[in-house]
file work-v6.txt (compact mmCIF, C-alpha atoms and all ligand atoms)
# COMPACT_ATOMS: atom_id res chain seq x y z
CA ASP O 27 230.92 44.03 24.89
CA VAL O 28 227.53 42.47 25.62
CA MET O 29 226.28 45.79 26.96
CA GLU O 30 227.55 47.66 23.91
CA ASN O 31 226.05 45.14 21.50
CA CYS O 32 222.75 45.31 23.30
CA ILE O 33 222.55 49.08 22.86
CA LYS O 34 223.48 48.72 19.22
CA ARG O 35 220.84 46.06 18.57
CA GLY O 36 218.19 48.04 20.44
CA LEU O 37 218.91 51.17 18.42
CA GLY O 38 218.63 49.20 15.19
CA ALA O 39 215.47 47.20 15.89
CA GLU O 40 212.00 48.32 14.86
CA GLY O 41 208.53 46.91 15.46
CA GLN O 42 206.39 45.88 18.37
CA LEU O 43 207.44 44.16 21.56
CA PRO O 44 205.93 40.76 22.32
CA GLY O 45 203.43 40.13 25.10
CA GLY O 46 200.15 41.57 23.82
CA LEU O 47 200.40 45.18 24.99
CA ASN O 48 201.37 46.26 21.46
CA VAL O 49 204.16 48.45 22.79
CA ARG O 50 206.20 49.88 19.94
CA ARG O 51 209.99 50.01 20.09
CA ARG O 52 210.85 53.71 20.41
CA ALA O 53 214.64 53.84 20.81
CA PRO O 54 215.54 53.86 17.07
CA GLN O 55 213.20 56.71 16.23
CA LEU O 56 214.19 58.68 19.32
CA ALA O 57 217.87 58.30 18.40
CA ALA O 58 217.21 59.51 14.87
CA ARG O 59 215.26 62.50 16.18
CA LEU O 60 217.93 63.29 18.73
CA LYS O 61 220.62 63.34 16.03
CA VAL O 62 218.66 65.93 14.09
CA LEU O 63 218.05 68.04 17.17
CA ARG O 64 221.67 67.79 18.25
CA GLU O 65 222.83 68.97 14.88
CA SER O 66 220.67 72.03 15.35
CA GLU O 67 222.08 72.33 18.90
CA ILE O 68 218.67 72.27 20.53
CA VAL O 69 219.26 69.24 22.67
CA ASN O 70 222.08 68.62 25.07
CA THR O 71 224.03 65.39 24.57
CA GLN O 72 222.99 64.34 28.05
CA LEU O 73 219.67 63.12 26.64
CA TRP O 74 221.46 60.25 24.93
CA PRO O 75 221.67 58.00 28.02
CA MET O 76 217.88 57.89 28.16
CA VAL O 77 217.71 56.56 24.62
CA TYR O 78 220.55 54.07 25.21
CA ALA O 79 218.80 52.72 28.30
CA MET O 80 215.49 52.41 26.48
CA ALA O 81 217.25 50.53 23.67
CA VAL O 82 218.55 47.97 26.18
CA ASN O 83 215.23 47.58 27.95
CA GLU O 84 213.40 47.14 24.68
CA GLU O 85 215.86 44.38 23.89
CA ASN O 86 215.15 42.87 27.30
CA ALA O 87 211.42 43.05 26.69
CA ALA O 88 211.93 41.32 23.35
CA GLY O 89 213.93 38.49 24.94
CA GLY O 90 217.26 39.75 23.63
CA ARG O 91 220.58 39.23 25.37
CA VAL O 92 221.25 41.69 28.19
CA VAL O 93 223.64 41.93 31.12
CA THR O 94 221.78 41.52 34.40
CA ALA O 95 222.74 44.72 36.18
CA PRO O 96 221.57 44.15 38.87
CA THR O 97 218.36 42.70 37.35
CA ASN O 98 217.05 42.33 33.83
CA GLY O 99 214.27 44.87 34.38
CA ALA O 100 216.90 47.45 35.37
CA ALA O 101 219.50 46.30 32.84
CA GLY O 102 219.55 49.51 30.79
CA ILE O 103 220.92 52.01 33.28
CA ILE O 104 224.51 50.88 33.72
CA PRO O 105 225.17 50.23 30.01
CA ALA O 106 223.59 53.58 29.13
CA VAL O 107 225.76 55.58 31.52
CA LEU O 108 228.88 53.62 30.59
CA HIS O 109 228.24 54.00 26.87
CA TYR O 110 227.63 57.72 27.33
CA PHE O 111 230.95 58.00 29.19
CA ARG O 112 232.83 56.10 26.48
CA LYS O 113 231.28 58.05 23.67
CA PHE O 114 231.33 61.59 24.98
CA ASN O 115 234.18 61.77 27.51
CA PRO O 116 237.59 62.35 25.88
CA HIS O 117 239.33 60.77 28.90
CA ALA O 118 237.49 57.45 28.62
CA ASN O 119 239.78 54.44 28.23
CA GLN O 120 239.76 50.73 29.00
CA SER O 121 241.12 51.21 32.50
CA ARG O 122 238.34 53.63 33.40
CA VAL O 123 235.75 51.31 31.92
CA GLU O 124 237.05 48.62 34.28
CA ASP O 125 236.93 51.08 37.19
CA PHE O 126 233.34 51.91 36.26
CA LEU O 127 232.26 48.27 36.25
CA LEU O 128 234.17 47.41 39.43
CA THR O 129 232.69 50.39 41.29
CA ALA O 130 229.18 49.59 40.09
CA GLY O 131 229.68 45.98 41.12
CA ALA O 132 230.97 46.91 44.57
CA ILE O 133 227.96 49.12 45.22
CA GLY O 134 225.62 46.42 43.92
CA ILE O 135 227.14 43.89 46.34
CA LEU O 136 226.34 46.21 49.25
CA TYR O 137 222.67 46.25 48.25
CA LYS O 138 222.56 42.52 47.55
CA THR O 139 224.26 41.65 50.83
CA ASN O 140 222.58 44.14 53.14
CA ALA O 141 219.15 44.61 51.58
CA SER O 142 217.64 43.25 48.37
CA ILE O 143 217.79 43.72 44.61
CA SER O 144 214.46 42.02 43.97
CA GLY O 145 211.48 44.03 42.72
CA ALA O 146 209.18 41.31 44.05
CA ASP O 147 210.77 41.73 47.46
CA VAL O 148 211.27 45.49 47.92
CA GLY O 149 209.70 47.11 44.87
CA CYS O 150 211.35 48.91 41.98
CA GLN O 151 213.56 50.86 44.35
CA GLY O 152 215.50 47.57 44.63
CA GLU O 153 215.86 47.26 40.87
CA VAL O 154 215.91 50.61 39.10
CA GLY O 155 216.89 52.39 42.33
CA VAL O 156 219.85 50.10 42.90
CA ALA O 157 220.95 50.25 39.26
CA CYS O 158 220.81 54.05 39.41
CA SER O 159 222.84 54.04 42.61
CA MET O 160 225.43 51.72 41.06
CA ALA O 161 225.65 53.82 37.91
CA ALA O 162 225.85 57.13 39.78
CA GLY O 163 228.68 55.90 41.98
CA ALA O 164 230.50 54.38 39.01
CA TYR O 165 230.19 57.53 36.94
CA ALA O 166 231.41 59.66 39.86
CA GLU O 167 234.44 57.36 40.08
CA VAL O 168 235.42 57.66 36.42
CA ILE O 169 235.01 61.43 36.26
CA GLY O 170 237.46 61.80 39.14
CA GLY O 171 235.41 61.49 42.32
CA THR O 172 236.92 60.72 45.70
CA PRO O 173 235.55 57.68 47.56
CA LYS O 174 233.38 60.07 49.60
CA GLN O 175 231.98 61.65 46.46
CA VAL O 176 231.35 58.22 44.95
CA GLU O 177 229.48 57.23 48.09
CA ASN O 178 227.43 60.42 48.01
CA ALA O 179 226.48 59.94 44.38
CA ALA O 180 225.33 56.39 45.10
CA GLU O 181 223.47 57.51 48.21
CA MET O 182 221.62 60.35 46.48
CA ALA O 183 220.63 58.08 43.61
CA MET O 184 218.89 55.71 46.00
CA GLU O 185 217.47 58.49 48.16
CA HIS O 186 215.39 59.71 45.24
CA HIS O 187 214.02 56.26 44.42
CA LEU O 188 212.83 55.37 47.91
CA GLY O 189 209.26 54.10 47.85
CA LEU O 190 209.23 53.32 44.13
CA THR O 191 206.81 50.47 43.57
CA CYS O 192 206.94 47.57 41.14
CA ASP O 193 203.64 47.51 39.28
CA PRO O 194 204.27 46.80 35.60
CA VAL O 195 201.25 46.96 33.31
CA GLY O 196 200.05 43.46 32.46
CA GLY O 197 202.98 41.96 34.37
CA LEU O 198 205.23 42.71 31.39
CA VAL O 199 208.58 44.44 31.93
CA GLN O 200 207.66 47.24 29.52
CA ILE O 201 205.46 49.95 31.09
CA PRO O 202 206.79 51.76 33.12
CA CYS O 203 210.07 49.83 33.10
CA ILE O 204 211.51 50.96 29.77
CA GLU O 205 211.08 54.70 30.32
CA ARG O 206 211.95 54.32 33.98
CA ASN O 207 215.39 53.00 33.06
CA GLY O 208 215.92 55.99 30.80
CA ILE O 209 215.00 58.44 33.51
CA ALA O 210 217.25 56.68 36.02
CA ALA O 211 220.20 56.82 33.62
CA GLU O 212 219.76 60.58 33.33
CA LYS O 213 219.43 60.88 37.08
CA ALA O 214 222.61 58.87 37.69
CA LEU O 215 224.64 61.19 35.50
CA LYS O 216 223.32 64.35 37.08
CA LEU O 217 223.69 63.16 40.67
CA ALA O 218 227.26 62.00 40.03
CA THR O 219 228.06 65.42 38.64
CA LEU O 220 226.35 67.07 41.61
CA ALA O 221 228.41 64.94 43.99
CA LEU O 222 231.62 66.17 42.40
CA LEU O 223 230.66 69.80 42.96
CA GLU O 224 230.88 69.25 46.73
CA ASP O 225 233.33 67.39 48.96
CA GLY O 226 230.47 65.56 50.63
CA THR O 227 231.85 65.64 54.13
CA ASP O 228 228.77 67.28 55.68
CA LYS O 229 226.17 64.88 54.24
CA LYS O 230 223.53 63.73 56.71
CA VAL O 231 222.77 60.31 55.22
CA SER O 232 225.36 57.64 54.43
CA LEU O 233 225.09 54.99 51.71
CA ASP O 234 224.77 52.28 54.40
CA GLU O 235 221.88 54.18 55.98
CA VAL O 236 220.01 54.62 52.71
CA ILE O 237 220.44 50.92 51.94
CA GLN O 238 218.83 50.06 55.25
CA THR O 239 216.09 52.63 54.66
CA MET O 240 215.38 51.09 51.26
CA LEU O 241 215.02 47.66 52.85
CA GLN O 242 212.71 48.98 55.58
CA THR O 243 210.65 50.94 53.04
CA GLY O 244 210.29 47.78 50.98
CA ARG O 245 209.01 45.91 54.03
CA ASP O 246 206.59 48.77 54.82
CA MET O 247 205.26 48.75 51.24
CA LYS O 248 204.11 45.18 51.66
S1 LIG T 301 208.58 48.22 37.70
FE1 LIG T 301 209.59 47.07 36.05
S2 LIG T 301 211.80 47.52 36.27
FE2 LIG T 301 210.78 48.12 38.18
S3 LIG T 301 211.02 46.30 39.49
FE3 LIG T 301 209.01 46.15 38.48
S4 LIG T 301 209.38 44.91 36.65
FE4 LIG T 301 211.41 45.61 37.40
call {"tool": "encode", "arguments": {"input": "work-v6.txt", "output": "structure tokens", "more": "lines below"}}
Ligand code: SF4
result
Amino acid sequence: DVMENCIKRGLGAEGQLPGGLNVRRRAPQLAARLKVLRESEIVNTQLWPMVYAMAVNEENAAGGRVVTAPTNGAAGIIPAVLHYFRKFNPHANQSRVEDFLLTAGAIGILYKTNASISGADVGCQGEVGVACSMAAGAYAEVIGGTPKQVENAAEMAMEHHLGLTCDPVGGLVQIPCIERNGIAAEKALKLATLALLEDGTDKKVSLDEVIQTMLQTGRDMK
């Protein structure tokens, strides 16, 4: 409910974000534009998660209430993918929402226990990368993935964030954080779908291995 309300508030809020960078909230206008484009069938509905994620991260930047998932800077990705699933998938129900959150949580625990979810510690790969991995695995679960496919989705999502630095402009969690959450939400959806097109048994890199690689990469980046 907190995630849903956060998206709703972010889509309804206008104006500038605090902090002095004069960053304008973009999610409401993007949503309005997307509705027009969708009606004319130019834009695929898969662009919505980007806007949902940006709405959450604009709320975070404004000091609004978010769900730490796994951090506040990366708080938009999981709500965006979950909201997209609830809104656009005819098979979405409460039980699958719970499966989504439990799967995301389980994957997040692996990162927290075996590596790090701190941007200050391992860079943005530990924040946005981990959130993307959690969301990709969770989405693969609720669209019918096997445990192997869930693992592969989560692994691929981290694999393509390795080396991502944390270097926000002015120290504010706005640029590149807000757009970065949107891009990661899109990536999570696509990689989960990709994982379900294959059985995943011949993959060369496991989720455990990519978690360790992320940790080592974070150490190297220092
Ligand atoms: S770049 Fe932004 S979202 Fe990524 S770790 Fe740094 S502060 Fe967090």
call {"tool": "residues_around", "arguments": {"input": "work-v6.txt", "residues": "segment 111-123 of chain O", "least_positions_apart": "4", "cutoff": "10 Å", "atoms": "only C-alpha atoms", "output": "JSON, numbers by chain"}}
result
{"O": [71, 72, 74, 75, 105, 106, 107, 127, 128, 129, 164, 165, 167, 168, 169, 215]}
call {"tool": "closest_residue", "arguments": {"input": "work-v6.txt", "among": "O:Val154, O:Ala146, O:Met76, O:Gln242", "to": "Leu60 of chain O", "atoms": "all atoms listed in the file"}}
result
O:Met76
call {"tool": "closest_residue", "arguments": {"input": "work-v6.txt", "among": "O:Glu235, O:Glu65, O:Glu84, O:Glu177", "to": "Asn98 of chain O", "atoms": "all atoms listed in the file"}}
result
O:Glu84
call {"tool": "residues_near_ligand", "arguments": {"input": "work-v6.txt", "ligand": "ligand LIG 301 (chain T)", "cutoff": "6 Å", "atoms": "all atoms listed in the file", "output": "PyMOL selection string"}}
result
chain O and resi 99-100+145+149-150+153-154+192-194+199+203
call {"tool": "write_last_selection", "arguments": {"input": "work-v6.txt", "atoms": "C-alpha atoms", "output": "compact mmCIF listing (two decimals), keeping the file's coordinate frame"}}
result
# COMPACT_ATOMS: atom_id res chain seq x y z
CA GLY O 99 214.27 44.87 34.38
CA ALA O 100 216.90 47.45 35.37
CA GLY O 145 211.48 44.03 42.72
CA GLY O 149 209.70 47.11 44.87
CA CYS O 150 211.35 48.91 41.98
CA GLU O 153 215.86 47.26 40.87
CA VAL O 154 215.91 50.61 39.10
CA CYS O 192 206.94 47.57 41.14
CA ASP O 193 203.64 47.51 39.28
CA PRO O 194 204.27 46.80 35.60
CA VAL O 199 208.58 44.44 31.93
CA CYS O 203 210.07 49.83 33.10
call {"tool": "closest_residue", "arguments": {"input": "work-v6.txt", "among": "O:Ala81, O:Ile143, O:Ala58, O:Leu63", "to": "Leu37 of chain O", "atoms": "all atoms listed in the file"}}
result
O:Ala81
call {"tool": "closest_residue", "arguments": {"input": "work-v6.txt", "among": "O:Val195, O:Ala210, O:Cys158, O:Leu223", "to": "Asn48 of chain O", "atoms": "all atoms listed in the file"}}
result
O:Val195
call {"tool": "residues_around", "arguments": {"input": "work-v6.txt", "residues": "Lys138 of chain O", "least_positions_apart": "5", "cutoff": "12 Å", "atoms": "all atoms listed in the file", "output": "ChimeraX atom specification"}}
result
/O:95-97,131-133,143-144,147-148,152-153,156-157,160,237-238,240-241
call {"tool": "closest_residue", "arguments": {"input": "work-v6.txt", "among": "O:Ala57, O:Leu188, O:Ala162, O:Met29", "to": "Thr239 of chain O", "atoms": "only C-alpha atoms"}}
result
O:Leu188
call {"tool": "closest_residue", "arguments": {"input": "work-v6.txt", "among": "O:Leu43, O:Ala221, O:Val69, O:Leu108", "to": "Asn86 of chain O", "atoms": "all atoms listed in the file"}}
result
O:Leu43
call {"tool": "residues_around", "arguments": {"input": "work-v6.txt", "residues": "Thr227 of chain O", "least_positions_apart": "5", "cutoff": "10 Å", "atoms": "all atoms listed in the file", "output": "PyMOL selection string"}}
result
chain O and resi 174-175+178
call {"tool": "write_last_selection", "arguments": {"input": "work-v6.txt", "atoms": "C-alpha atoms", "output": "PDB file, in the frame of the given file"}}
result
ATOM      1  CA  LYS O 174     233.380  60.070  49.600  1.00  0.00           C
ATOM      2  CA  GLN O 175     231.980  61.650  46.460  1.00  0.00           C
ATOM      3  CA  ASN O 178     227.430  60.420  48.010  1.00  0.00           C
TER       4      ASN O 178
END
call {"tool": "atom_distance", "arguments": {"input": "work-v6.txt", "atom1": "atom CA of Gln42 of chain O", "atom2": "atom CA of Pro54 of chain O"}}
result
12.2 Å
call {"tool": "atom_distance", "arguments": {"input": "work-v6.txt", "atom1": "atom CA of Val92 of chain O", "atom2": "atom CA of Gly155 of chain O"}}
result
18.3 Å
